[in-house]
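Enquirer: Okay, so here is upload.csv, and as you'll see once you scroll down, it has CSV, C-alpha atoms.
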chain,number,residue,atom,x,y,z
A,1,MET,CA,233.8,27.2,-182.1
A,2,ARG,CA,231.3,29.8,-183.3
A,3,LEU,CA,229.7,32.1,-180.8
A,4,HIS,CA,226.3,30.4,-181.0
A,5,ASP,CA,227.5,26.8,-180.9
A,6,CYS,CA,227.6,26.8,-177.2
A,7,VAL,CA,224.1,28.2,-176.7
A,8,PRO,CA,222.0,25.0,-177.3
A,9,ARG,CA,224.0,23.0,-174.7
A,10,ARG,CA,223.5,25.6,-172.0
A,11,ARG,CA,219.8,26.1,-173.0
A,12,ARG,CA,219.3,22.3,-172.4
A,13,ARG,CA,220.8,22.8,-168.9
A,14,ALA,CA,218.5,25.8,-168.3
A,15,GLU,CA,221.5,28.0,-167.8
A,16,ILE,CA,221.1,30.3,-170.7
A,17,ARG,CA,220.8,34.0,-170.1
A,18,GLY,CA,220.7,35.1,-173.7
A,19,PRO,CA,222.3,34.4,-177.1
A,20,LEU,CA,225.6,35.8,-175.9
A,21,HIS,CA,225.7,33.8,-172.7
A,22,GLY,CA,229.2,33.5,-171.4
A,23,ILE,CA,230.9,35.1,-174.4
A,24,PRO,CA,233.9,37.2,-173.4
A,25,VAL,CA,234.0,40.6,-175.1
A,26,GLY,CA,236.6,43.4,-175.3
A,27,ILE,CA,235.4,47.0,-175.1
A,28,LYS,CA,237.0,49.8,-176.9
A,29,ASP,CA,238.2,52.3,-174.4
A,30,ILE,CA,236.0,55.2,-175.4
A,31,ILE,CA,233.0,53.2,-174.2
A,32,ASP,CA,231.9,53.3,-170.5
A,33,VAL,CA,231.9,50.1,-168.4
A,34,GLU,CA,230.8,50.5,-164.9
A,35,GLY,CA,233.7,50.3,-162.5
A,36,MET,CA,236.4,50.8,-165.2
A,37,THR,CA,238.0,54.1,-166.2
A,38,THR,CA,237.4,55.4,-169.8
A,39,LEU,CA,240.8,56.9,-170.8
A,40,CYS,CA,240.3,57.3,-174.5
A,41,ASN,CA,244.1,56.8,-174.8
A,42,SER,CA,244.6,60.4,-173.8
A,43,ARG,CA,246.7,62.0,-171.2
A,44,SER,CA,244.0,64.6,-170.9
A,45,ARG,CA,241.9,61.9,-169.0
A,46,ALA,CA,244.7,60.9,-166.6
A,47,GLY,CA,243.2,60.6,-163.1
A,48,SER,CA,239.7,59.9,-164.4
A,49,ARG,CA,237.4,58.1,-162.0
A,50,PRO,CA,235.8,54.8,-162.9
A,51,ALA,CA,232.6,55.0,-164.8
A,52,ARG,CA,229.5,55.0,-162.6
A,53,GLY,CA,227.4,53.1,-165.2
A,54,ASP,CA,227.6,51.2,-168.4
A,55,ALA,CA,227.1,52.6,-171.9
A,56,GLU,CA,223.8,51.5,-173.4
A,57,ILE,CA,225.5,49.0,-175.8
A,58,VAL,CA,227.4,47.4,-172.9
A,59,LEU,CA,224.1,47.0,-171.0
A,60,ALA,CA,222.7,45.4,-174.2
A,61,LEU,CA,225.5,42.9,-174.3
A,62,LYS,CA,225.2,42.1,-170.6
A,63,ARG,CA,221.5,41.6,-170.9
A,64,GLN,CA,222.2,39.0,-173.5
A,65,GLY,CA,224.7,37.2,-171.3
A,66,ALA,CA,228.0,38.5,-172.5
A,67,ILE,CA,230.9,38.9,-170.1
A,68,VAL,CA,233.0,42.1,-170.3
A,69,LEU,CA,236.6,40.8,-170.2
A,70,GLY,CA,238.1,44.2,-170.2
A,71,LYS,CA,239.0,47.3,-172.2
A,72,VAL,CA,241.1,47.4,-175.4
A,73,HIS,CA,243.2,50.1,-176.9
A,74,THR,CA,241.9,52.9,-179.0
A,75,THR,CA,243.6,55.8,-180.9
A,76,GLU,CA,243.2,59.0,-178.9
A,77,TYR,CA,239.5,59.9,-178.8
A,78,ALA,CA,239.0,57.6,-181.7
A,79,PHE,CA,240.9,59.9,-184.1
A,80,PHE,CA,244.4,59.3,-185.7
A,81,ASP,CA,246.9,59.6,-182.8
A,82,PRO,CA,247.9,56.0,-182.5
A,83,SER,CA,247.6,53.5,-179.7
A,84,PRO,CA,250.3,50.9,-178.7
A,85,ALA,CA,248.3,48.0,-180.3
A,86,ARG,CA,250.1,46.1,-183.0
A,87,ASN,CA,249.0,43.9,-185.9
A,88,PRO,CA,249.1,40.2,-184.8
A,89,TRP,CA,250.1,39.2,-188.3
A,90,ASN,CA,253.2,41.3,-188.2
A,91,LEU,CA,254.0,43.2,-185.0
A,92,GLU,CA,255.9,45.8,-187.0
A,93,HIS,CA,252.7,46.9,-188.7
A,94,THR,CA,249.7,48.9,-187.5
A,95,PRO,CA,246.4,47.1,-186.8
A,96,GLY,CA,244.6,50.2,-188.1
A,97,GLY,CA,242.4,52.5,-186.2
A,98,SER,CA,240.7,53.8,-184.4
A,99,SER,CA,239.4,50.5,-183.1
A,100,SER,CA,243.0,49.2,-183.0
A,101,GLY,CA,242.9,47.2,-179.9
A,102,SER,CA,239.5,45.7,-180.7
A,103,ALA,CA,240.8,44.3,-184.1
A,104,ALA,CA,244.1,43.2,-182.7
A,105,ALA,CA,242.5,41.4,-179.7
A,106,VAL,CA,240.1,39.4,-181.9
A,107,ALA,CA,242.8,38.6,-184.5
A,108,ALA,CA,245.2,37.4,-181.8
A,109,GLY,CA,242.5,35.2,-180.3
A,110,MET,CA,242.4,37.1,-177.0
A,111,VAL,CA,238.6,37.6,-177.3
A,112,PRO,CA,236.0,36.1,-179.7
A,113,LEU,CA,234.2,39.4,-179.8
A,114,ALA,CA,235.0,43.1,-179.4
A,115,LEU,CA,233.2,46.4,-179.7
A,116,GLY,CA,234.6,49.2,-181.8
A,117,THR,CA,233.2,52.4,-183.2
A,118,GLN,CA,233.3,53.9,-186.6
A,119,THR,CA,233.2,57.6,-187.5
A,120,VAL,CA,235.3,57.4,-190.7
A,121,ALA,CA,236.6,53.9,-191.2
A,122,SER,CA,237.5,52.9,-187.7
A,123,VAL,CA,235.8,49.4,-187.6
A,124,ASN,CA,236.0,48.2,-191.2
A,125,ARG,CA,239.6,49.3,-191.8
A,126,PRO,CA,241.2,47.6,-188.8
A,127,ALA,CA,239.1,44.5,-189.5
A,128,ALA,CA,240.6,44.4,-193.0
A,129,TYR,CA,244.2,45.0,-191.8
A,130,CYS,CA,243.9,42.3,-189.1
A,131,GLY,CA,242.1,39.6,-191.3
A,132,ILE,CA,238.9,39.5,-189.3
A,133,SER,CA,235.3,40.4,-189.9
A,134,ALA,CA,233.2,43.3,-188.6
A,135,PHE,CA,229.6,44.5,-188.8
A,136,LYS,CA,229.0,48.3,-188.8
A,137,PRO,CA,225.3,48.9,-188.7
A,138,SER,CA,223.5,51.8,-190.4
A,139,THR,CA,225.2,55.0,-189.4
A,140,ARG,CA,223.8,56.4,-186.1
A,141,SER,CA,221.3,53.5,-185.8
A,142,ILE,CA,222.4,52.4,-182.3
A,143,CYS,CA,222.3,54.4,-179.1
A,144,MET,CA,225.7,56.0,-178.4
A,145,TRP,CA,224.9,57.0,-174.8
A,146,GLY,CA,228.0,56.4,-172.6
A,147,ILE,CA,230.5,56.6,-175.5
A,148,ALA,CA,232.9,59.5,-175.8
A,149,PRO,CA,231.9,61.3,-179.0
A,150,LEU,CA,234.2,62.2,-181.9
A,151,ALA,CA,231.8,63.3,-184.7
A,152,PRO,CA,228.2,62.6,-183.6
A,153,SER,CA,226.9,62.9,-187.2
A,154,TYR,CA,228.7,59.6,-188.0
A,155,ASP,CA,229.7,57.9,-184.7
A,156,THR,CA,228.4,54.3,-184.8
A,157,ILE,CA,229.0,51.1,-182.8
A,158,GLY,CA,230.6,48.1,-184.7
A,159,PHE,CA,231.0,44.4,-183.8
A,160,MET,CA,234.3,42.7,-184.5
A,161,ALA,CA,234.8,38.9,-184.6
A,162,GLN,CA,236.8,36.2,-186.4
A,163,THR,CA,234.1,35.4,-188.9
A,164,VAL,CA,231.2,37.2,-190.6
A,165,ASP,CA,228.8,34.8,-188.9
A,166,ASP,CA,230.0,35.8,-185.5
A,167,ALA,CA,230.0,39.5,-186.2
A,168,VAL,CA,226.5,39.6,-187.5
A,169,TYR,CA,225.3,37.2,-184.7
A,170,ALA,CA,226.5,39.7,-182.1
A,171,TYR,CA,224.7,42.5,-183.8
A,172,GLU,CA,221.5,40.4,-184.1
A,173,ALA,CA,221.7,39.7,-180.4
A,174,THR,CA,221.7,43.4,-179.5
A,175,MET,CA,219.9,45.0,-182.5
A,176,PRO,CA,217.5,47.8,-181.6
A,177,PRO,CA,213.8,46.7,-181.4
A,178,PHE,CA,212.8,48.8,-184.3
A,179,VAL,CA,215.3,46.9,-186.5
A,180,ALA,CA,214.1,43.5,-185.2
A,181,ALA,CA,210.5,44.4,-185.9
A,182,GLY,CA,211.2,46.2,-189.2
A,183,ALA,CA,212.6,45.1,-192.5
A,184,ALA,CA,212.4,41.4,-193.5
A,185,ASP,CA,215.2,38.8,-193.3
A,186,ASP,CA,217.2,37.8,-196.3
A,187,ASP,CA,214.8,35.8,-198.6
A,188,GLY,CA,217.4,33.5,-200.0
A,189,ARG,CA,217.0,34.4,-203.7
A,190,PRO,CA,220.1,35.0,-205.9
A,191,LEU,CA,221.7,38.3,-205.1
A,192,VAL,CA,222.4,41.2,-207.4
A,193,VAL,CA,225.8,42.6,-206.3
A,194,TRP,CA,227.1,45.9,-207.7
A,195,MET,CA,230.7,46.7,-208.0
A,196,PRO,CA,230.7,50.5,-208.5
A,197,GLN,CA,233.5,51.6,-210.8
A,198,ASP,CA,235.0,54.9,-209.7
A,199,THR,CA,238.4,56.6,-210.1
A,200,HIS,CA,238.6,56.9,-206.3
A,201,ILE,CA,239.9,53.3,-206.1
A,202,ALA,CA,242.2,53.6,-209.2
A,203,ASP,CA,245.2,53.4,-206.9
A,204,CYS,CA,244.3,50.1,-205.4
A,205,ASP,CA,247.1,47.5,-205.0
A,206,ALA,CA,247.0,44.9,-207.8
A,207,GLU,CA,246.8,42.0,-205.4
A,208,ILE,CA,243.9,43.5,-203.6
A,209,VAL,CA,242.1,44.1,-206.9
A,210,ALA,CA,242.7,40.5,-207.8
A,211,ALA,CA,241.3,39.3,-204.5
A,212,VAL,CA,238.1,41.3,-204.8
A,213,ASP,CA,237.7,40.2,-208.4
A,214,ALA,CA,238.2,36.6,-207.3
A,215,ALA,CA,235.5,37.1,-204.7
A,216,ALA,CA,233.2,38.5,-207.3
A,217,ASP,CA,233.9,35.5,-209.6
A,218,ALA,CA,233.1,33.1,-206.7
A,219,LEU,CA,229.8,34.8,-206.1
A,220,ALA,CA,229.0,34.6,-209.8
A,221,GLY,CA,229.9,31.0,-209.9
A,222,ALA,CA,227.4,30.4,-207.1
A,223,GLY,CA,224.6,31.8,-209.1
A,224,HIS,CA,224.6,35.4,-208.0
A,225,SER,CA,224.7,38.4,-210.4
A,226,ILE,CA,227.7,40.7,-210.4
A,227,ARG,CA,227.4,44.0,-212.2
A,228,ARG,CA,230.3,46.4,-212.7
A,229,VAL,CA,228.7,49.8,-213.3
A,230,PRO,CA,229.9,53.4,-213.1
A,231,SER,CA,229.3,54.9,-209.7
A,232,PRO,CA,226.3,57.2,-209.7
A,233,VAL,CA,228.2,59.6,-207.4
A,234,PRO,CA,231.8,60.8,-207.3
A,235,PHE,CA,233.4,59.0,-204.4
A,236,GLU,CA,236.4,61.4,-204.2
A,237,ARG,CA,234.0,64.3,-203.5
A,238,LEU,CA,232.0,62.3,-201.0
A,239,PHE,CA,235.2,61.4,-199.2
A,240,LYS,CA,236.2,65.1,-198.9
A,241,LEU,CA,232.8,66.1,-197.7
A,242,GLN,CA,232.8,63.3,-195.1
A,243,ARG,CA,236.2,64.4,-193.8
A,244,MET,CA,235.2,68.1,-193.6
A,245,THR,CA,232.0,67.4,-191.7
A,246,THR,CA,233.8,65.0,-189.4
A,247,LEU,CA,236.4,67.6,-188.4
A,248,TYR,CA,233.7,70.3,-187.9
A,249,ASP,CA,231.8,67.9,-185.6
A,250,ALA,CA,235.0,66.9,-183.7
A,251,ALA,CA,236.0,70.5,-183.1
A,252,ARG,CA,232.8,71.1,-181.3
A,253,ALA,CA,232.3,67.7,-179.6
A,254,LEU,CA,235.8,67.9,-178.1
A,255,ALA,CA,235.9,71.6,-177.5
A,256,PHE,CA,236.6,71.0,-173.8
A,257,LEU,CA,240.1,69.8,-174.8
A,258,GLU,CA,241.0,73.4,-175.7
A,259,ASP,CA,241.4,74.1,-172.0
A,260,LYS,CA,243.7,71.1,-171.4
A,261,PRO,CA,247.5,71.5,-171.4
A,262,ALA,CA,248.9,71.2,-174.9
A,263,ASP,CA,251.1,68.2,-174.0
A,264,THR,CA,248.0,66.2,-172.9
A,265,VAL,CA,246.4,66.1,-176.3
A,266,GLY,CA,247.8,64.5,-179.4
A,267,ALA,CA,249.1,66.6,-182.3
A,268,LYS,CA,246.8,65.0,-184.9
A,269,LEU,CA,243.8,65.6,-182.8
A,270,ARG,CA,244.7,69.2,-182.2
A,271,GLU,CA,245.3,69.8,-185.9
A,272,ALA,CA,242.0,68.3,-186.7
A,273,MET,CA,240.2,70.5,-184.2
A,274,ASP,CA,241.9,73.6,-185.6
A,275,GLU,CA,240.8,72.7,-189.1
A,276,GLY,CA,237.3,71.9,-187.9
A,277,ARG,CA,237.0,75.3,-186.2
A,278,ALA,CA,238.0,77.0,-189.4
A,279,THR,CA,235.0,75.6,-191.2
A,280,SER,CA,231.9,77.9,-191.0
A,281,THR,CA,228.6,76.6,-190.0
A,282,ALA,CA,227.1,77.7,-193.3
A,283,ASP,CA,229.7,75.6,-195.2
A,284,TYR,CA,229.1,72.7,-192.9
A,285,LEU,CA,225.4,72.8,-193.5
A,286,ASP,CA,225.9,73.0,-197.2
A,287,ALA,CA,228.2,70.0,-197.0
A,288,ARG,CA,225.7,68.0,-195.0
A,289,ALA,CA,223.0,68.9,-197.6
A,290,GLU,CA,225.3,67.8,-200.4
A,291,ILE,CA,226.0,64.5,-198.7
A,292,ASP,CA,222.3,63.9,-198.2
A,293,ALA,CA,221.6,64.5,-201.8
A,294,MET,CA,224.5,62.2,-202.9
A,295,ARG,CA,223.2,59.5,-200.5
A,296,VAL,CA,219.7,59.6,-202.0
A,297,ALA,CA,221.1,59.6,-205.5
A,298,PHE,CA,223.4,56.6,-204.9
A,299,TRP,CA,220.8,54.4,-203.3
A,300,GLN,CA,218.1,55.3,-205.8
A,301,ALA,CA,220.5,54.4,-208.6
A,302,THR,CA,221.4,51.1,-207.0
A,303,ALA,CA,217.8,50.2,-206.1
A,304,GLY,CA,218.0,47.1,-208.2
A,305,ALA,CA,221.0,45.8,-206.3
A,306,ASP,CA,221.0,43.9,-203.0
A,307,ALA,CA,224.5,44.9,-202.0
A,308,CYS,CA,227.7,46.6,-203.2
A,309,LEU,CA,231.2,45.0,-203.2
A,310,TRP,CA,234.3,47.2,-202.8
A,311,PRO,CA,237.9,46.9,-201.7
A,312,ALA,CA,238.4,47.8,-198.1
A,313,THR,CA,241.7,49.5,-198.3
A,314,PRO,CA,244.2,50.7,-201.0
A,315,ARG,CA,247.0,48.8,-199.4
A,316,THR,CA,247.6,46.2,-196.6
A,317,ALA,CA,248.4,47.5,-193.1
A,318,PRO,CA,251.2,50.1,-193.2
A,319,GLU,CA,254.5,49.4,-191.5
A,320,GLY,CA,255.1,51.2,-188.2
A,321,LEU,CA,252.6,52.4,-185.6
A,322,ALA,CA,252.6,56.1,-186.3
A,323,TRP,CA,250.0,56.0,-189.1
A,324,THR,CA,246.9,53.9,-188.8
A,325,GLY,CA,246.3,53.7,-192.5
A,326,ASP,CA,244.3,55.2,-195.3
A,327,PRO,CA,240.5,55.5,-194.6
A,328,LYS,CA,239.6,56.9,-198.0
A,329,TYR,CA,238.0,53.7,-199.4
A,330,ILE,CA,235.6,53.2,-196.4
A,331,ALA,CA,234.8,56.8,-195.4
A,332,PRO,CA,232.4,57.4,-198.3
A,333,TRP,CA,230.4,54.3,-197.4
A,334,THR,CA,230.1,55.6,-193.8
A,335,ALA,CA,228.6,58.8,-195.3
A,336,LEU,CA,226.3,56.7,-197.5
A,337,ALA,CA,225.1,55.4,-194.1
A,338,GLY,CA,224.2,51.8,-194.8
A,339,PRO,CA,225.4,48.7,-192.9
A,340,ILE,CA,229.0,47.6,-193.8
A,341,VAL,CA,230.3,44.1,-193.4
A,342,SER,CA,234.1,43.4,-193.6
A,343,LEU,CA,235.0,40.3,-195.5
A,344,PRO,CA,238.5,38.7,-194.9
A,345,LEU,CA,239.6,37.4,-198.2
A,346,ARG,CA,243.2,36.1,-198.4
A,347,ARG,CA,246.8,36.9,-197.6
A,348,HIS,CA,248.9,39.3,-199.7
A,349,SER,CA,252.3,38.2,-200.9
A,350,ASN,CA,253.7,40.3,-198.0
A,351,GLY,CA,251.9,38.0,-195.6
A,352,LEU,CA,249.3,40.5,-194.4
A,353,PRO,CA,245.6,40.1,-194.7
A,354,VAL,CA,243.5,41.5,-197.6
A,355,GLY,CA,239.9,42.4,-197.1
A,356,ALA,CA,236.8,43.7,-198.9
A,357,ILE,CA,233.5,45.3,-197.7
A,358,VAL,CA,229.9,44.8,-198.7
A,359,SER,CA,227.3,47.5,-198.0
A,360,SER,CA,223.6,47.9,-198.6
A,361,ALA,CA,221.1,50.7,-198.2
A,362,PRO,CA,220.5,52.4,-194.8
A,363,GLY,CA,217.9,50.5,-192.7
A,364,SER,CA,218.6,47.1,-194.4
A,365,ASP,CA,220.7,45.8,-191.5
A,366,ARG,CA,218.5,42.8,-190.7
A,367,ARG,CA,218.5,41.6,-194.3
A,368,MET,CA,222.2,42.4,-194.6
A,369,CYS,CA,222.9,39.9,-191.9
A,370,GLY,CA,221.5,37.1,-193.9
A,371,MET,CA,223.1,38.2,-197.2
A,372,ALA,CA,226.5,38.6,-195.5
A,373,ARG,CA,226.2,35.0,-194.2
A,374,ARG,CA,225.5,33.7,-197.6
A,375,ILE,CA,228.4,35.7,-199.2
A,376,ALA,CA,230.7,34.6,-196.4
A,377,GLY,CA,229.7,31.0,-196.9
A,378,ILE,CA,230.8,31.2,-200.5
A,379,LEU,CA,234.0,33.0,-199.8
A,380,GLY,CA,235.0,31.1,-196.6
A,381,ALA,CA,234.9,34.3,-194.6
Transcribe the structure of this file into C-alpha cells.
Expert:
Amino acid sequence: MRLHDCVPRRRRRAEIRGPLHGIPVGIKDIIDVEGMTTLCNSRSRAGSRPARGDAEIVLALKRQGAIVLGKVHTTEYAFFDPSPARNPWNLEHTPGGSSSGSAAAVAAGMVPLALGTQTVASVNRPAAYCGISAFKPSTRSICMWGIAPLAPSYDTIGFMAQTVDDAVYAYEATMPPFVAAGAADDDGRPLVVWMPQDTHIADCDAEIVAAVDAAADALAGAGHSIRRVPSPVPFERLFKLQRMTTLYDAARALAFLEDKPADTVGAKLREAMDEGRATSTADYLDARAEIDAMRVAFWQATAGADACLWPATPRTAPEGLAWTGDPKYIAPWTALAGPIVSLPLRRHSNGLPVGAIVSSAPGSDRRMCGMARRIAGILGA
C-alpha cells in the first residue's frame, strides 16, 4: 500500500491530521527527536541526555501526522566510520552510508519512510545499494536546525521510501512554503533527458551500464527524448573539489571532537578532520568559487534538458561492513545542488540491487516530483 492510499479513508472519517497521518517514520540518529538521545553512532556522545526538542524536519513530519517509530543507525557523525546496519539483500554486504540504517530499515520493510541526510552521497548511495528510492531536495534548501552538522555547505535532508512515488510524496508533504508557492508542477509534456558522457563514470560495472541504458531506452520508447552529450564540466574535478570543501567544513563543524579522548572518535573521522584542517581558508574559498562557476556552467549548458540520468554507483554494495562504498558518482551532483531522485532498476547477477539517479537544476524540486513520478511509472520504480 502506498503512503497516500490510506489518507482518503481517514479523511472520510474526519480523522486525518495531514497527508502523512499515521505513517511510521524512522529518523537517522543525527537528527533530534524530543525525548530520545542523539548519539550520532559515536562513543564521544556516550551519556548524552535526551533531546529537549525536535529538529525542524521532525516537527514538519509530526505536523503532517507522521509518527516517529524510532531512531535508525548512522555512520559516525554521518561520515565514513560504519554503523552496524546491514544490507537486507545480503547481510554480508554494506547498506551504504551514511544513512545506512535509514535505507536498511526501509528495504527490510521495518518502516515505510525514513529520514536520511546527504553531504556527499549519503542518501542516494544507500538507496541504490538497498534497492529503494530516495528524494534529496536542492542542496541546503531545507532547514537543518536540530541536526548534527558534518559539512554545512552541503548537509541536506533526504526522504527514503520503497518507491519513487512515496519518497516524493513525503517531500511534498513537508516541502518549505517557498517551494510550494514557487516553481510550477510538471506540465506533462514529453521530457528531454540528458545522459552526460564523462570519463568519471568510465569504470562503471557493465551490468549497471546496461541497466541504465535499458532505462533510457524505456523512456525513449515512451516518447521522451534521450540525449547523450559530453558533460559541460569535468566531473572528476568537481568530485575532488566537493571532497576538499566537505573536509574543510567538517574539520570546523566538528572541532569540538578534538578535545574528546582519541578512542571515542572513529579513525576515518579523525583523519578527515586532520585533512580538513590542513586546507587553508584561501584555498577553500577558491574551491567554493570554482564549484559555483562549474554549477552555473553545467546548468546553463543543460538549460534545454528537463533532467539528467546517471548511474548511482560504480558497483553494487561492497561485501563487508568496514567500507560504505564509493560516493564518487553522486558527490558531484550534490555539488551541482539540484534535487536528486534515486531510481531502483533491477537486480545484478550477484543478486544485489542496481540503481540510477535523475537530477535537475537547483530550485526545480516541485517540478522534479512530477517528472520523477512519470519516469518511475515507466520504469516500474
Enquirer: Go through A:Lys136, A:Ala46, A:Arg17, A:Val168 and flag the residue nearest Arg2 of chain A, using all atoms listed in the file for the distances.
Expert: A:Val168
Enquirer: In terms of the shortest atom-to-atom distance over all atoms listed in the file, which of A:Gly304, A:Gly266, A:Pro339, A:Gly26 is closest to Ile357 of chain A?
Expert: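 The answer is A:Pro339, which sits nearest to Ile357 of chain A.
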Enquirer: Would you kindly return, as a list in words, each protein, DNA or RNA residue with an atom no farther than 9 Å from any atom of Phe159 of chain A, considering only C-alpha atoms and excluding same-chain residues fewer than 6 positions away?
Expert: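 Once the nearby chain positions are removed, what remains is Leu113, Ala114, Leu115, Gly116, Thr117, Val123, Ser133, Ala134, Phe135, Lys136, Pro137, Asp166, Ala167, Val168, Ala170 and Tyr171 of chain A.
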Enquirer: Those same residues, written as a compact mmCIF listing (two decimals), keeping the file's coordinate frame with C-alpha atoms?
Expert:
# COMPACT_ATOMS: atom_id res chain seq x y z
CA LEU A 113 234.20 39.40 -179.80
CA ALA A 114 235.00 43.10 -179.40
CA LEU A 115 233.20 46.40 -179.70
CA GLY A 116 234.60 49.20 -181.80
CA THR A 117 233.20 52.40 -183.20
CA VAL A 123 235.80 49.40 -187.60
CA SER A 133 235.30 40.40 -189.90
CA ALA A 134 233.20 43.30 -188.60
CA PHE A 135 229.60 44.50 -188.80
CA LYS A 136 229.00 48.30 -188.80
CA PRO A 137 225.30 48.90 -188.70
CA ASP A 166 230.00 35.80 -185.50
CA ALA A 167 230.00 39.50 -186.20
CA VAL A 168 226.50 39.60 -187.50
CA ALA A 170 226.50 39.70 -182.10
CA TYR A 171 224.70 42.50 -183.80
Enquirer: In Å, how far is it from atom CA of Arg49 of chain A to atom CA of Val33 of chain A?
Expert: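 Between these atoms lies a distance of 11.6 Å.
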Enquirer: Quick one: distance from atom CA of Ala381 of chain A to atom CA of Ser342 of chain A in Å, one decimal?
Expert: 9.2 Å
Enquirer: Rank A:Pro261, A:Pro232, A:Gly47, A:Gly18 by their smallest atom-to-atom distance to Arg295 of chain A, using only C-alpha atoms, and report the top residue only.
Expert: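 For Arg295 of chain A, the nearest of the given residues is A:Pro232.
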Enquirer: Using only C-alpha atoms - which residues lie no farther than 12 Å from the point (250.3, 43.9, -207.3) in the file's frame? Write them as a list in words.
Expert: Asp203, Cys204, Asp205, Ala206, Glu207, Ile208, Val209, Ala210, Ala211, Pro314, Arg315, Thr316, His348, Ser349 and Asn350 of chain A
Enquirer: Could you tell me how far atom CA of Arg125 of chain A sits from atom CA of Leu247 of chain A, in Å to one decimal place?
Expert: 18.9 Å
Enquirer: Could you give me segment 261-274 of chain A completed to N, CA, C and O atoms, formatted as a PDB file, in the frame of the given file?
Expert:
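Dumped to part.pdb:
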ATOM      1  N   PRO A 261     246.111  71.209-170.997  1.00  0.00           N
ATOM      2  CA  PRO A 261     247.500  71.500-171.400  1.00  0.00           C
ATOM      3  C   PRO A 261     247.847  70.914-172.721  1.00  0.00           C
ATOM      4  O   PRO A 261     247.409  69.808-173.063  1.00  0.00           O
ATOM      5  N   ALA A 262     248.633  71.650-173.483  1.00  0.00           N
ATOM      6  CA  ALA A 262     248.900  71.200-174.900  1.00  0.00           C
ATOM      7  C   ALA A 262     249.564  69.858-174.929  1.00  0.00           C
ATOM      8  O   ALA A 262     249.309  69.101-175.881  1.00  0.00           O
ATOM      9  N   ASP A 263     250.380  69.510-173.935  1.00  0.00           N
ATOM     10  CA  ASP A 263     251.100  68.200-174.000  1.00  0.00           C
ATOM     11  C   ASP A 263     250.213  67.044-173.581  1.00  0.00           C
ATOM     12  O   ASP A 263     250.688  65.905-173.528  1.00  0.00           O
ATOM     13  N   THR A 264     248.927  67.272-173.298  1.00  0.00           N
ATOM     14  CA  THR A 264     248.000  66.200-172.900  1.00  0.00           C
ATOM     15  C   THR A 264     247.095  65.775-174.066  1.00  0.00           C
ATOM     16  O   THR A 264     246.264  64.878-173.892  1.00  0.00           O
ATOM     17  N   VAL A 265     247.206  66.428-175.196  1.00  0.00           N
ATOM     18  CA  VAL A 265     246.400  66.100-176.300  1.00  0.00           C
ATOM     19  C   VAL A 265     247.250  65.912-177.565  1.00  0.00           C
ATOM     20  O   VAL A 265     248.154  66.708-177.826  1.00  0.00           O
ATOM     21  N   GLY A 266     247.003  64.843-178.299  1.00  0.00           N
ATOM     22  CA  GLY A 266     247.800  64.500-179.400  1.00  0.00           C
ATOM     23  C   GLY A 266     247.847  65.524-180.542  1.00  0.00           C
ATOM     24  O   GLY A 266     246.862  66.249-180.750  1.00  0.00           O
ATOM     25  N   ALA A 267     248.954  65.567-181.279  1.00  0.00           N
ATOM     26  CA  ALA A 267     249.100  66.600-182.300  1.00  0.00           C
ATOM     27  C   ALA A 267     248.095  66.408-183.448  1.00  0.00           C
ATOM     28  O   ALA A 267     247.553  67.397-183.953  1.00  0.00           O
ATOM     29  N   LYS A 268     247.811  65.172-183.848  1.00  0.00           N
ATOM     30  CA  LYS A 268     246.800  65.000-184.900  1.00  0.00           C
ATOM     31  C   LYS A 268     245.458  65.434-184.527  1.00  0.00           C
ATOM     32  O   LYS A 268     244.739  66.037-185.334  1.00  0.00           O
ATOM     33  N   LEU A 269     245.099  65.182-183.289  1.00  0.00           N
ATOM     34  CA  LEU A 269     243.800  65.600-182.800  1.00  0.00           C
ATOM     35  C   LEU A 269     243.685  67.118-182.730  1.00  0.00           C
ATOM     36  O   LEU A 269     242.684  67.723-183.140  1.00  0.00           O
ATOM     37  N   ARG A 270     244.726  67.771-182.228  1.00  0.00           N
ATOM     38  CA  ARG A 270     244.700  69.200-182.200  1.00  0.00           C
ATOM     39  C   ARG A 270     244.638  69.857-183.547  1.00  0.00           C
ATOM     40  O   ARG A 270     243.888  70.818-183.769  1.00  0.00           O
ATOM     41  N   GLU A 271     245.391  69.318-184.487  1.00  0.00           N
ATOM     42  CA  GLU A 271     245.300  69.800-185.900  1.00  0.00           C
ATOM     43  C   GLU A 271     243.954  69.663-186.459  1.00  0.00           C
ATOM     44  O   GLU A 271     243.443  70.554-187.157  1.00  0.00           O
ATOM     45  N   ALA A 272     243.339  68.534-186.191  1.00  0.00           N
ATOM     46  CA  ALA A 272     242.000  68.300-186.700  1.00  0.00           C
ATOM     47  C   ALA A 272     240.992  69.272-186.141  1.00  0.00           C
ATOM     48  O   ALA A 272     240.124  69.798-186.859  1.00  0.00           O
ATOM     49  N   MET A 273     241.104  69.535-184.851  1.00  0.00           N
ATOM     50  CA  MET A 273     240.200  70.500-184.200  1.00  0.00           C
ATOM     51  C   MET A 273     240.390  71.883-184.757  1.00  0.00           C
ATOM     52  O   MET A 273     239.420  72.621-184.974  1.00  0.00           O
ATOM     53  N   ASP A 274     241.643  72.258-184.989  1.00  0.00           N
ATOM     54  CA  ASP A 274     241.900  73.600-185.600  1.00  0.00           C
ATOM     55  C   ASP A 274     241.275  73.692-186.952  1.00  0.00           C
ATOM     56  O   ASP A 274     240.660  74.715-187.286  1.00  0.00           O
TER      57      ASP A 274
END
